[in-house]
$ cat coords_26.cif   # mmCIF, C-alpha atoms
data_my_file
loop_
_atom_site.label_atom_id
_atom_site.label_comp_id
_atom_site.auth_asym_id
_atom_site.auth_seq_id
_atom_site.Cartn_x
_atom_site.Cartn_y
_atom_site.Cartn_z
CA MET V 73 -126.26 -283.44 145.88
CA ARG V 74 -128.46 -284.33 142.95
CA TRP V 75 -129.49 -287.89 142.42
CA ILE V 76 -128.48 -287.95 138.78
CA TRP V 77 -126.14 -290.83 138.00
CA ILE V 78 -125.70 -290.30 134.29
CA ASP V 79 -124.15 -287.27 132.64
CA ARG V 80 -125.64 -287.32 129.17
CA PHE V 81 -127.52 -289.47 126.73
CA VAL V 82 -125.70 -290.13 123.47
CA GLU V 83 -128.34 -292.35 121.90
CA PHE V 84 -132.04 -292.67 122.55
CA GLU V 85 -134.18 -294.82 120.30
CA SER V 86 -137.73 -294.79 121.61
CA GLY V 87 -138.90 -298.15 122.86
CA ARG V 88 -135.68 -299.95 121.99
CA ARG V 89 -132.42 -298.69 123.24
CA ALA V 90 -130.72 -295.89 125.11
CA ARG V 91 -127.08 -295.16 125.69
CA ALA V 92 -125.76 -292.77 128.29
CA LEU V 93 -122.37 -291.67 129.58
CA LYS V 94 -121.09 -291.36 133.12
CA ASN V 95 -117.71 -289.74 133.63
CA LEU V 96 -115.84 -290.55 136.81
CA THR V 97 -113.63 -288.00 138.49
CA LEU V 98 -111.57 -287.90 141.63
CA ALA V 99 -113.65 -284.93 142.76
CA GLU V 100 -116.58 -287.24 143.54
CA GLU V 101 -116.77 -287.89 147.26
CA HIS V 102 -118.39 -291.29 146.93
CA LEU V 103 -115.35 -292.70 145.16
CA HIS V 104 -113.26 -291.95 148.24
CA ASP V 105 -115.81 -293.09 150.74
CA HIS V 106 -116.19 -296.57 149.34
CA PHE V 107 -112.78 -298.09 150.17
CA PHE V 108 -110.31 -295.88 152.00
CA GLY V 109 -107.25 -295.16 149.87
CA TYR V 110 -108.63 -296.99 146.85
CA PRO V 111 -111.08 -294.76 145.01
CA ILE V 112 -113.44 -296.69 142.77
CA MET V 113 -117.00 -296.17 141.63
CA PRO V 114 -119.35 -298.19 143.89
CA ASN V 115 -121.11 -300.90 141.92
CA SER V 116 -124.38 -299.91 143.55
CA LEU V 117 -124.14 -296.47 141.94
CA ILE V 118 -123.28 -298.00 138.57
CA THR V 119 -126.44 -300.04 138.99
CA GLU V 120 -128.34 -296.84 139.74
CA GLY V 121 -126.95 -295.25 136.57
CA LEU V 122 -128.00 -298.27 134.53
CA ALA V 123 -131.43 -298.07 136.15
CA GLN V 124 -131.76 -294.38 135.31
CA THR V 125 -130.79 -295.06 131.70
CA GLY V 126 -133.29 -297.93 131.48
CA GLY V 127 -135.95 -296.21 133.55
CA ILE V 128 -136.08 -293.12 131.33
CA LEU V 129 -136.16 -295.41 128.27
CA VAL V 130 -139.12 -297.31 129.71
CA GLY V 131 -140.90 -294.20 130.98
CA GLU V 132 -140.67 -292.48 127.61
CA MET V 133 -142.41 -295.42 125.95
CA ARG V 134 -145.54 -294.48 127.89
CA ASN V 135 -145.09 -290.74 127.60
CA PHE V 136 -143.92 -290.51 131.22
CA GLU V 137 -147.52 -290.88 132.27
CA GLU V 138 -146.66 -293.57 134.78
CA LYS V 139 -143.98 -293.59 137.38
CA VAL V 140 -141.32 -296.16 136.64
CA ILE V 141 -139.53 -297.66 139.59
CA LEU V 142 -136.74 -300.19 139.75
CA ALA V 143 -138.49 -303.20 141.23
CA LYS V 144 -135.99 -306.02 140.88
CA ILE V 145 -132.49 -306.84 139.71
CA PRO V 146 -132.71 -310.45 138.48
CA LYS V 147 -128.97 -310.51 137.91
CA ILE V 148 -126.00 -308.23 137.57
CA THR V 149 -122.31 -309.02 137.17
CA PHE V 150 -119.36 -306.67 137.49
CA HIS V 151 -116.21 -307.66 135.66
CA PHE V 152 -113.80 -305.03 136.99
CA ALA V 153 -113.79 -301.89 139.09
CA ALA V 154 -114.44 -298.53 137.43
CA LYS V 155 -111.87 -295.91 138.38
CA PRO V 156 -111.44 -292.12 138.20
CA GLY V 157 -110.81 -291.05 134.62
CA ASP V 158 -113.00 -293.78 133.20
CA THR V 159 -116.01 -292.96 131.09
CA LEU V 160 -118.73 -295.50 131.61
CA THR V 161 -121.07 -296.09 128.70
CA TYR V 162 -124.39 -297.43 129.90
CA THR V 163 -126.59 -299.21 127.40
CA ALA V 164 -130.15 -300.27 128.15
CA GLU V 165 -132.29 -302.34 125.80
CA VAL V 166 -135.95 -303.15 126.33
CA GLU V 167 -136.48 -306.91 126.38
CA SER V 168 -140.17 -307.03 127.33
CA ILE V 169 -142.78 -304.53 128.36
CA GLU V 170 -146.43 -304.70 129.36
CA ASP V 171 -148.89 -302.76 131.51
CA ASN V 172 -147.37 -303.76 134.82
CA GLY V 173 -143.71 -303.38 134.09
CA ALA V 174 -140.71 -303.99 131.88
CA LEU V 175 -137.55 -306.06 131.67
CA VAL V 176 -134.43 -304.31 130.46
CA LYS V 177 -130.99 -305.66 129.59
CA ALA V 178 -128.24 -303.33 130.64
CA THR V 179 -124.48 -303.13 130.15
CA SER V 180 -121.70 -300.84 131.25
CA HIS V 181 -118.55 -300.46 129.13
CA VAL V 182 -115.25 -298.68 129.61
CA GLY V 183 -114.15 -298.15 126.05
CA GLU V 184 -114.60 -301.54 124.41
CA ARG V 185 -114.37 -303.46 127.67
CA LEU V 186 -117.51 -304.88 129.19
CA GLN V 187 -117.48 -303.60 132.77
CA ALA V 188 -120.90 -304.81 133.95
CA GLU V 189 -123.94 -306.59 132.57
CA GLY V 190 -127.31 -307.45 134.00
CA GLU V 191 -131.06 -307.36 133.86
CA LEU V 192 -133.32 -304.81 135.50
CA MET V 193 -137.04 -305.04 136.09
CA PHE V 194 -139.16 -301.95 136.35
CA ALA V 195 -142.68 -301.65 137.68
CA HIS V 196 -145.16 -299.09 136.40
CA LEU V 197 -147.12 -297.16 138.98
CA ASP V 198 -149.97 -295.22 137.43
CA GLU V 199 -151.61 -292.18 138.95
CA SER V 200 -154.28 -294.29 140.63
CA ARG V 201 -151.73 -295.65 143.09
CA SER V 202 -151.46 -293.54 146.15
CA VAL V 203 -147.72 -293.10 146.00
CA LYS V 204 -145.90 -290.03 147.11
CA THR V 205 -144.70 -287.81 144.31
CA LEU V 206 -141.16 -288.92 143.63
CA PHE V 207 -140.04 -285.82 141.79
CA GLU V 208 -141.35 -282.47 140.71
CA PRO V 209 -142.45 -282.59 137.07
CA LYS V 210 -140.64 -279.34 136.39
CA ASN V 211 -137.35 -280.71 137.69
CA PHE V 212 -137.80 -283.92 135.78
CA VAL V 213 -138.28 -282.14 132.47
CA PHE V 214 -135.28 -279.95 133.23
CA THR V 215 -133.21 -283.03 134.00
CA LEU V 216 -134.21 -284.71 130.75
CA LYS V 217 -133.14 -281.61 128.87
CA LEU V 218 -129.87 -281.49 130.75
CA LEU V 219 -129.20 -285.11 129.91
CA GLY V 220 -129.70 -284.46 126.23
CA VAL V 221 -132.58 -286.88 125.80
CA PHE V 222 -134.27 -284.55 123.34
CA ASP V 223 -131.06 -283.85 121.47
CA VAL V 224 -130.37 -287.44 120.54
CA GLY V 225 -133.87 -288.94 120.82
CA ARG V 226 -135.34 -290.78 117.88
CA GLY V 227 -138.93 -291.93 117.69
CA SER V 228 -140.12 -295.37 116.74
CA ALA V 229 -140.81 -294.01 113.24
CA ALA V 230 -137.83 -292.77 111.25
CA GLY V 231 -136.62 -289.31 112.06
CA ALA V 232 -135.70 -287.31 115.09
CA ILE V 233 -138.07 -286.40 117.87
CA ALA V 234 -137.59 -282.95 119.26
CA GLU V 235 -138.83 -284.04 122.62
CA PRO V 236 -140.67 -287.10 123.89
CA PRO V 237 -144.43 -286.64 123.78
CA GLY V 238 -144.53 -287.08 127.54
CA LEU V 239 -143.20 -283.58 127.91
CA ALA V 240 -146.61 -282.13 127.06
CA HIS V 241 -148.13 -284.22 129.81
CA LEU V 242 -145.57 -282.97 132.30
CA ARG V 243 -145.91 -279.40 131.10
CA ALA V 244 -149.63 -279.62 131.72
CA ALA V 245 -148.86 -280.69 135.25
CA SER V 246 -146.42 -277.86 135.67
CA PRO V 247 -147.50 -274.90 133.50
CA GLU V 248 -144.64 -272.62 134.46
CA THR V 249 -142.06 -274.97 132.92
CA MET F 1 -142.24 -329.84 118.52
CA PRO F 2 -140.88 -329.96 122.08
CA SER F 3 -141.32 -332.91 124.38
CA LYS F 4 -142.80 -332.55 127.86
CA ASP F 5 -139.31 -332.88 129.31
CA GLU F 6 -138.03 -330.09 127.10
CA VAL F 7 -140.91 -327.88 128.18
CA PHE F 8 -140.13 -328.61 131.81
CA ASP F 9 -136.42 -327.91 131.32
CA LYS F 10 -137.17 -324.50 129.83
CA ILE F 11 -139.58 -323.67 132.64
CA ARG F 12 -136.96 -324.69 135.16
CA ALA F 13 -134.39 -322.44 133.49
CA ALA F 14 -136.87 -319.53 133.55
CA LEU F 15 -137.57 -320.04 137.25
CA VAL F 16 -133.88 -320.40 138.12
CA ASP F 17 -133.18 -317.08 136.40
CA ALA F 18 -136.24 -315.27 137.75
CA LEU F 19 -136.11 -316.49 141.33
CA GLY F 20 -132.43 -317.26 141.88
CA VAL F 21 -133.22 -320.78 143.07
CA ASP F 22 -131.22 -323.95 142.46
CA GLU F 23 -132.29 -326.29 139.69
CA ASP F 24 -133.07 -329.12 142.07
CA GLU F 25 -135.51 -326.93 143.99
CA VAL F 26 -137.69 -326.63 140.90
CA THR F 27 -139.80 -329.76 141.24
CA PRO F 28 -143.28 -330.22 139.73
CA ASN F 29 -145.02 -329.80 143.09
CA ALA F 30 -143.00 -326.83 144.30
CA THR F 31 -145.15 -323.77 144.94
CA LEU F 32 -143.88 -320.50 143.54
CA THR F 33 -144.47 -318.40 146.63
CA GLY F 34 -144.15 -320.95 149.43
CA ASP F 35 -141.30 -323.12 148.20
CA LEU F 36 -139.50 -320.91 145.70
CA GLY F 37 -139.98 -317.55 147.43
CA ALA F 38 -141.63 -315.68 144.56
CA GLU F 39 -142.95 -312.18 145.25
CA SER F 40 -145.38 -310.13 143.19
CA ILE F 41 -142.86 -308.61 140.75
CA ASP F 42 -141.44 -312.09 140.14
CA PHE F 43 -144.66 -313.22 138.48
CA LEU F 44 -144.20 -310.61 135.78
CA ASP F 45 -140.56 -311.63 135.43
CA ILE F 46 -141.61 -315.28 135.01
CA VAL F 47 -144.20 -314.33 132.38
CA PHE F 48 -141.59 -312.36 130.41
CA ARG F 49 -139.16 -315.29 130.48
CA LEU F 50 -141.76 -317.85 129.45
CA GLU F 51 -142.90 -315.63 126.58
CA LYS F 52 -139.36 -315.35 125.32
CA SER F 53 -138.38 -318.94 125.88
CA PHE F 54 -141.44 -320.45 124.20
CA ASP F 55 -142.12 -317.60 121.77
CA ILE F 56 -145.68 -317.25 123.03
CA LYS F 57 -147.81 -314.33 124.20
CA ILE F 58 -149.24 -314.60 127.68
CA PRO F 59 -152.10 -312.12 128.11
CA ARG F 60 -152.11 -310.26 131.40
CA GLY F 61 -153.87 -312.21 134.12
CA GLU F 62 -154.19 -315.41 132.11
CA LEU F 63 -151.50 -317.45 133.84
CA PHE F 64 -151.68 -315.72 137.23
CA PRO F 65 -155.21 -314.29 137.58
CA GLU F 66 -154.53 -312.45 140.82
CA SER F 67 -157.17 -309.80 140.13
CA ILE F 68 -159.84 -312.33 141.03
CA LEU F 69 -158.85 -311.92 144.68
CA THR F 70 -160.07 -308.33 144.83
CA ASP F 71 -163.49 -309.02 143.32
CA PRO F 72 -166.09 -309.23 146.16
CA GLN F 73 -168.27 -311.39 143.96
CA TYR F 74 -165.59 -314.08 143.98
CA VAL F 75 -163.93 -313.64 147.35
CA ALA F 76 -165.83 -312.76 150.52
CA ASP F 77 -164.66 -312.92 154.14
CA GLY F 78 -161.32 -314.28 153.06
CA LYS F 79 -162.82 -317.24 151.22
CA PHE F 80 -163.70 -317.98 147.63
CA THR F 81 -167.44 -318.04 147.00
CA PRO F 82 -168.99 -320.81 144.87
CA ALA F 83 -169.05 -318.30 142.01
CA GLY F 84 -165.38 -317.62 142.69
CA ILE F 85 -164.51 -321.32 142.44
CA GLU F 86 -166.50 -321.53 139.23
CA GLU F 87 -164.60 -318.57 137.86
CA LEU F 88 -161.29 -320.15 138.84
CA ARG F 89 -162.21 -323.36 137.03
CA LYS F 90 -163.06 -321.34 133.95
CA ARG F 91 -159.96 -319.18 133.99
CA MET F 92 -157.48 -321.74 135.26
CA PRO F 93 -158.30 -325.02 133.53
CA PHE F 94 -154.60 -325.81 133.79
CA ALA F 95 -154.62 -325.73 137.62
CA ASN F 96 -155.60 -328.56 139.93
CA LEU F 97 -158.40 -326.98 141.93
CA ASP F 98 -160.00 -330.06 143.52
CA GLU F 99 -158.07 -329.95 146.76
CA PHE F 100 -158.25 -326.17 147.02
CA ALA F 101 -162.02 -326.16 146.48
CA LYS F 102 -162.55 -328.19 149.67
CA ASN F 103 -161.39 -325.26 151.80
CA PRO F 104 -160.97 -322.30 149.46
CA VAL F 105 -159.24 -319.85 151.79
CA ALA F 106 -157.98 -316.87 149.81
CA GLN F 107 -154.70 -316.97 151.71
CA GLU F 108 -154.00 -320.40 150.22
CA PHE F 109 -154.63 -319.19 146.68
CA GLY F 110 -150.91 -318.69 146.04
CA ASN F 111 -150.28 -322.37 146.65
CA LEU F 112 -152.17 -323.20 143.46
CA PHE F 113 -149.29 -321.72 141.54
CA THR F 114 -146.99 -324.70 141.24
CA VAL F 115 -144.30 -325.52 138.71
CA GLN F 116 -146.59 -328.22 137.32
CA MET F 117 -149.35 -325.66 136.86
CA ILE F 118 -147.03 -323.57 134.70
CA ALA F 119 -146.10 -326.70 132.74
CA ASN F 120 -149.78 -327.49 132.14
CA TYR F 121 -150.38 -323.94 131.00
CA VAL F 122 -147.41 -323.88 128.61
CA GLU F 123 -148.37 -327.27 127.20
CA SER F 124 -151.79 -325.82 126.41
CA LYS F 125 -150.12 -323.00 124.47
CA VAL F 126 -147.50 -324.94 122.49
CA ASN F 127 -147.78 -328.17 120.62
CA VAL F 128 -146.15 -330.87 122.69
CA GLU F 129 -145.00 -334.30 121.53
CA ALA F 130 -147.46 -336.91 122.70
#

$ encode --input "coords_26.cif" --output "structure tokens"
Amino acid sequence: MRWIWIDRFVEFESGRRARALKNLTLAEEHLHDHFFGYPIMPNSLITEGLAQTGGILVGEMRNFEEKVILAKIPKITFHFAAKPGDTLTYTAEVESIEDNGALVKATSHVGERLQAEGELMFAHLDESRSVKTLFEPKNFVFTLKLLGVFDVGRGSAAGAIAEPPGLAHLRAASPET
Amino acid sequence: MPSKDEVFDKIRAALVDALGVDEDEVTPNATLTGDLGAESIDFLDIVFRLEKSFDIKIPRGELFPESILTDPQYVADGKFTPAGIEELRKRMPFANLDEFAKNPVAQEFGNLFTVQMIANYVESKVNVEA
């Protein structure tokens, strides 16, 4: 199982906002395992999807040079359960960012309906911290491509960005990519 | 121009949101870590909320100068040195250091961070009604 809780980015505006989709299907085991006989998407995994949307948005702002980890959820509210067949649209907007971390506002919608809303705080861990490598750079770049970040990404200046500048940094760390 | 009460109300709202505490817990003398349960990431959260609420910029380390703790010139053997106290007075003119200076154990440093200290700091950054 891959720990990817979004299917695709549909909007990515560097430093401001990202929007990603998560489709729910009955084929997903975790829907069945949550409440027997009542398959719904666990709110914890919706939170993870929101955090992945926001985390990639925050990480890209610093060229993916620092690891971005979800450090705190100041608040999150779920308005109804997400069910198989639903497409969740996750939106993350950067509220504040500085060297140590960032605060992101996040929402989940099913169609026009607000399904969840909350705030997520991320901490930056630079290379000087002795943390275990959380992911292989090669896999991370592959995942970003898979998610369509480079297809829909727009830089802070007008115009499209083919790929976030952080890719070069990751490529340097993983030449075979 | 906000009044002191308005400043305090906004600070209280920021702390309620950041720390998940009840309004009545946020008293002037409440310490952020001891009484309100703040952890390290919460300090950044508080800074973000104050910046937004008061439309001010809080430079890193200005309100919560934690980095001072890791400087051997200022903290040795778990206690603040005279130079460390001097540095605290310079960098935290908004904090009440008199009591702390009598027995400046580094472990007690967090108790300087009270709600009133934040209020003093914010009042030094925004014009407050006399």

$ closest_residue --input "coords_26.cif" --among "V:Glu191, V:Glu184, V:Glu138, V:Asp79" --to "chain F" --atoms "all atoms listed in the file"
V:Glu191

$ closest_atom_pairs --input "coords_26.cif" --of "chain F" --to "chain V" --cutoff "12 Å" --atoms "only C-alpha atoms" --output "CSV"
residue,atom,partner,partner_atom,distance
F:Ala14,CA,V:Pro146,CA,11.1
F:Leu15,CA,V:Pro146,CA,10.8
F:Val16,CA,V:Pro146,CA,10.0
F:Asp17,CA,V:Pro146,CA,7.0
F:Ala18,CA,V:Pro146,CA,6.0
F:Leu19,CA,V:Pro146,CA,7.5
F:Gly20,CA,V:Pro146,CA,7.6
F:Val21,CA,V:Pro146,CA,11.3
F:Ala38,CA,V:Lys144,CA,11.8
F:Glu39,CA,V:Lys144,CA,10.3
F:Ser40,CA,V:Ala143,CA,10.0
F:Ile41,CA,V:Ala143,CA,7.0
F:Asp42,CA,V:Lys144,CA,8.2
F:Phe43,CA,V:Asn172,CA,10.5
F:Leu44,CA,V:Gly173,CA,7.4
F:Asp45,CA,V:Leu175,CA,7.4
F:Ile46,CA,V:Leu175,CA,10.6
F:Val47,CA,V:Ser168,CA,9.7
F:Phe48,CA,V:Ser168,CA,6.3
F:Arg49,CA,V:Ser168,CA,8.9
F:Leu50,CA,V:Ser168,CA,11.1
F:Glu51,CA,V:Ser168,CA,9.1
F:Lys52,CA,V:Ser168,CA,8.6
F:Lys57,CA,V:Glu170,CA,11.0
F:Ile58,CA,V:Glu170,CA,10.4
F:Pro59,CA,V:Glu170,CA,9.4
F:Arg60,CA,V:Asp171,CA,8.2
F:Gly61,CA,V:Asn172,CA,10.7

$ atom_distance --input "coords_26.cif" --atom1 "atom CA of F:Pro2" --atom2 "atom CA of F:Val128"
5.4 Å

$ residues_around --input "coords_26.cif" --residues "stretch 70-78 of chain F" --least-positions-apart "6" --cutoff "9 Å" --atoms "only C-alpha atoms" --output "PyMOL selection string"
chain F and resi 84-87+104-107

$ residues_around --input "coords_26.cif" --residues "V:Ala164" --least-positions-apart "2" --cutoff "8 Å" --atoms "all atoms listed in the file" --output "list in words"
Arg89, Ala90, Arg91, Leu122, Thr125, Gly126, Leu129, Tyr162, Val166, Val176, Lys177, Ala178 and Thr179 of chain V

$ atom_distance --input "coords_26.cif" --atom1 "atom CA of V:Glu101" --atom2 "atom CA of V:Ile128"
25.6 Å

$ atom_distance --input "coords_26.cif" --atom1 "atom CA of V:His181" --atom2 "atom CA of V:Thr97"
16.3 Å

$ resolve_selection --input "coords_26.cif" --expression "the PyMOL selection byres ((chain F and resi 88) around 12)" --output "mmCIF file with C-alpha atoms, keeping the file's coordinate frame"
data_model
loop_
_atom_site.group_PDB
_atom_site.id
_atom_site.type_symbol
_atom_site.label_atom_id
_atom_site.label_comp_id
_atom_site.auth_asym_id
_atom_site.auth_seq_id
_atom_site.Cartn_x
_atom_site.Cartn_y
_atom_site.Cartn_z
ATOM 1 C CA GLY F 61 -153.870 -312.210 134.120
ATOM 2 C CA GLU F 62 -154.190 -315.410 132.110
ATOM 3 C CA LEU F 63 -151.500 -317.450 133.840
ATOM 4 C CA PHE F 64 -151.680 -315.720 137.230
ATOM 5 C CA PRO F 65 -155.210 -314.290 137.580
ATOM 6 C CA GLU F 66 -154.530 -312.450 140.820
ATOM 7 C CA SER F 67 -157.170 -309.800 140.130
ATOM 8 C CA ILE F 68 -159.840 -312.330 141.030
ATOM 9 C CA LEU F 69 -158.850 -311.920 144.680
ATOM 10 C CA TYR F 74 -165.590 -314.080 143.980
ATOM 11 C CA VAL F 75 -163.930 -313.640 147.350
ATOM 12 C CA PHE F 80 -163.700 -317.980 147.630
ATOM 13 C CA THR F 81 -167.440 -318.040 147.000
ATOM 14 C CA PRO F 82 -168.990 -320.810 144.870
ATOM 15 C CA ALA F 83 -169.050 -318.300 142.010
ATOM 16 C CA GLY F 84 -165.380 -317.620 142.690
ATOM 17 C CA ILE F 85 -164.510 -321.320 142.440
ATOM 18 C CA GLU F 86 -166.500 -321.530 139.230
ATOM 19 C CA GLU F 87 -164.600 -318.570 137.860
ATOM 20 C CA ARG F 89 -162.210 -323.360 137.030
ATOM 21 C CA LYS F 90 -163.060 -321.340 133.950
ATOM 22 C CA ARG F 91 -159.960 -319.180 133.990
ATOM 23 C CA MET F 92 -157.480 -321.740 135.260
ATOM 24 C CA PRO F 93 -158.300 -325.020 133.530
ATOM 25 C CA PHE F 94 -154.600 -325.810 133.790
ATOM 26 C CA ALA F 95 -154.620 -325.730 137.620
ATOM 27 C CA ASN F 96 -155.600 -328.560 139.930
ATOM 28 C CA LEU F 97 -158.400 -326.980 141.930
ATOM 29 C CA ASP F 98 -160.000 -330.060 143.520
ATOM 30 C CA PHE F 100 -158.250 -326.170 147.020
ATOM 31 C CA ALA F 101 -162.020 -326.160 146.480
ATOM 32 C CA PRO F 104 -160.970 -322.300 149.460
ATOM 33 C CA ALA F 106 -157.980 -316.870 149.810
ATOM 34 C CA PHE F 109 -154.630 -319.190 146.680
ATOM 35 C CA LEU F 112 -152.170 -323.200 143.460
#

$ closest_residue --input "coords_26.cif" --among "F:Lys125, F:Lys4, F:Lys102, F:Lys10" --to "F:Ser53" --atoms "only C-alpha atoms"
F:Lys10

$ resolve_selection --input "coords_26.cif" --expression "the PyMOL selection byres ((chain F and resi 27) around 12)" --output "list in words"
Phe8, Asp9, Ile11, Arg12, Ala13, Leu15, Val16, Val21, Asp22, Glu23, Asp24, Glu25, Val26, Pro28, Asn29, Ala30, Thr31, Leu32, Asp35, Leu36, Thr114, Val115, Gln116, Met117, Ile118 and Ala119 of chain F

$ resolve_selection --input "coords_26.cif" --expression "the PyMOL selection byres ((chain V and resi 219) around 12)" --output "short mmCIF file (atom, residue, chain, number, x, y, z; two decimals) with C-alpha atoms, in the frame of the given file"
data_model
loop_
_atom_site.label_atom_id
_atom_site.label_comp_id
_atom_site.auth_asym_id
_atom_site.auth_seq_id
_atom_site.Cartn_x
_atom_site.Cartn_y
_atom_site.Cartn_z
CA ILE V 76 -128.48 -287.95 138.78
CA TRP V 77 -126.14 -290.83 138.00
CA ILE V 78 -125.70 -290.30 134.29
CA ASP V 79 -124.15 -287.27 132.64
CA ARG V 80 -125.64 -287.32 129.17
CA PHE V 81 -127.52 -289.47 126.73
CA VAL V 82 -125.70 -290.13 123.47
CA GLU V 83 -128.34 -292.35 121.90
CA PHE V 84 -132.04 -292.67 122.55
CA ALA V 90 -130.72 -295.89 125.11
CA ARG V 91 -127.08 -295.16 125.69
CA ALA V 92 -125.76 -292.77 128.29
CA LEU V 93 -122.37 -291.67 129.58
CA LYS V 94 -121.09 -291.36 133.12
CA GLN V 124 -131.76 -294.38 135.31
CA THR V 125 -130.79 -295.06 131.70
CA ILE V 128 -136.08 -293.12 131.33
CA PHE V 212 -137.80 -283.92 135.78
CA VAL V 213 -138.28 -282.14 132.47
CA PHE V 214 -135.28 -279.95 133.23
CA THR V 215 -133.21 -283.03 134.00
CA LEU V 216 -134.21 -284.71 130.75
CA LYS V 217 -133.14 -281.61 128.87
CA LEU V 218 -129.87 -281.49 130.75
CA GLY V 220 -129.70 -284.46 126.23
CA VAL V 221 -132.58 -286.88 125.80
CA PHE V 222 -134.27 -284.55 123.34
CA ASP V 223 -131.06 -283.85 121.47
CA VAL V 224 -130.37 -287.44 120.54
CA GLY V 225 -133.87 -288.94 120.82
#

$ residues_around --input "coords_26.cif" --residues "F:Val126" --least-positions-apart "5" --cutoff "10 Å" --atoms "only C-alpha atoms" --output "ChimeraX atom specification"
/F:1-2,7,54-56,121

$ decode --input "coords_26.cif" --residues "stretch 72-85 of chain F" --atoms "N, CA and C atoms" --output "compact mmCIF listing (two decimals), in the first residue's frame"
# COMPACT_ATOMS: atom_id res chain seq x y z
N PRO F 72 26.04 28.99 25.36
CA PRO F 72 26.78 28.74 26.61
C PRO F 72 27.26 30.03 27.30
N GLN F 73 27.29 31.09 26.53
CA GLN F 73 27.67 32.37 27.12
C GLN F 73 26.57 32.88 28.08
N TYR F 74 25.35 32.48 27.78
CA TYR F 74 24.21 32.99 28.54
C TYR F 74 23.64 31.99 29.54
N VAL F 75 23.81 30.72 29.23
CA VAL F 75 23.30 29.70 30.14
C VAL F 75 24.40 28.67 30.40
N ALA F 76 24.76 28.51 31.66
CA ALA F 76 25.79 27.52 32.01
C ALA F 76 25.32 26.74 33.22
N ASP F 77 25.55 25.44 33.20
CA ASP F 77 25.15 24.55 34.30
C ASP F 77 23.67 24.73 34.67
N GLY F 78 22.86 24.90 33.66
CA GLY F 78 21.43 24.98 33.90
C GLY F 78 20.95 26.29 34.49
N LYS F 79 21.85 27.28 34.55
CA LYS F 79 21.43 28.58 35.09
C LYS F 79 21.86 29.71 34.16
N PHE F 80 21.09 30.78 34.18
CA PHE F 80 21.48 31.95 33.40
C PHE F 80 22.68 32.63 34.07
N THR F 81 23.65 33.01 33.26
CA THR F 81 24.81 33.75 33.76
C THR F 81 24.40 35.22 33.90
N PRO F 82 25.20 36.03 34.59
CA PRO F 82 24.89 37.47 34.64
C PRO F 82 24.76 38.07 33.24
N ALA F 83 25.63 37.62 32.33
CA ALA F 83 25.52 38.11 30.94
C ALA F 83 24.20 37.65 30.32
N GLY F 84 23.76 36.47 30.70
CA GLY F 84 22.50 35.94 30.18
C GLY F 84 21.31 36.77 30.65
N ILE F 85 21.34 37.14 31.94
CA ILE F 85 20.27 37.98 32.49
C ILE F 85 20.26 39.34 31.79
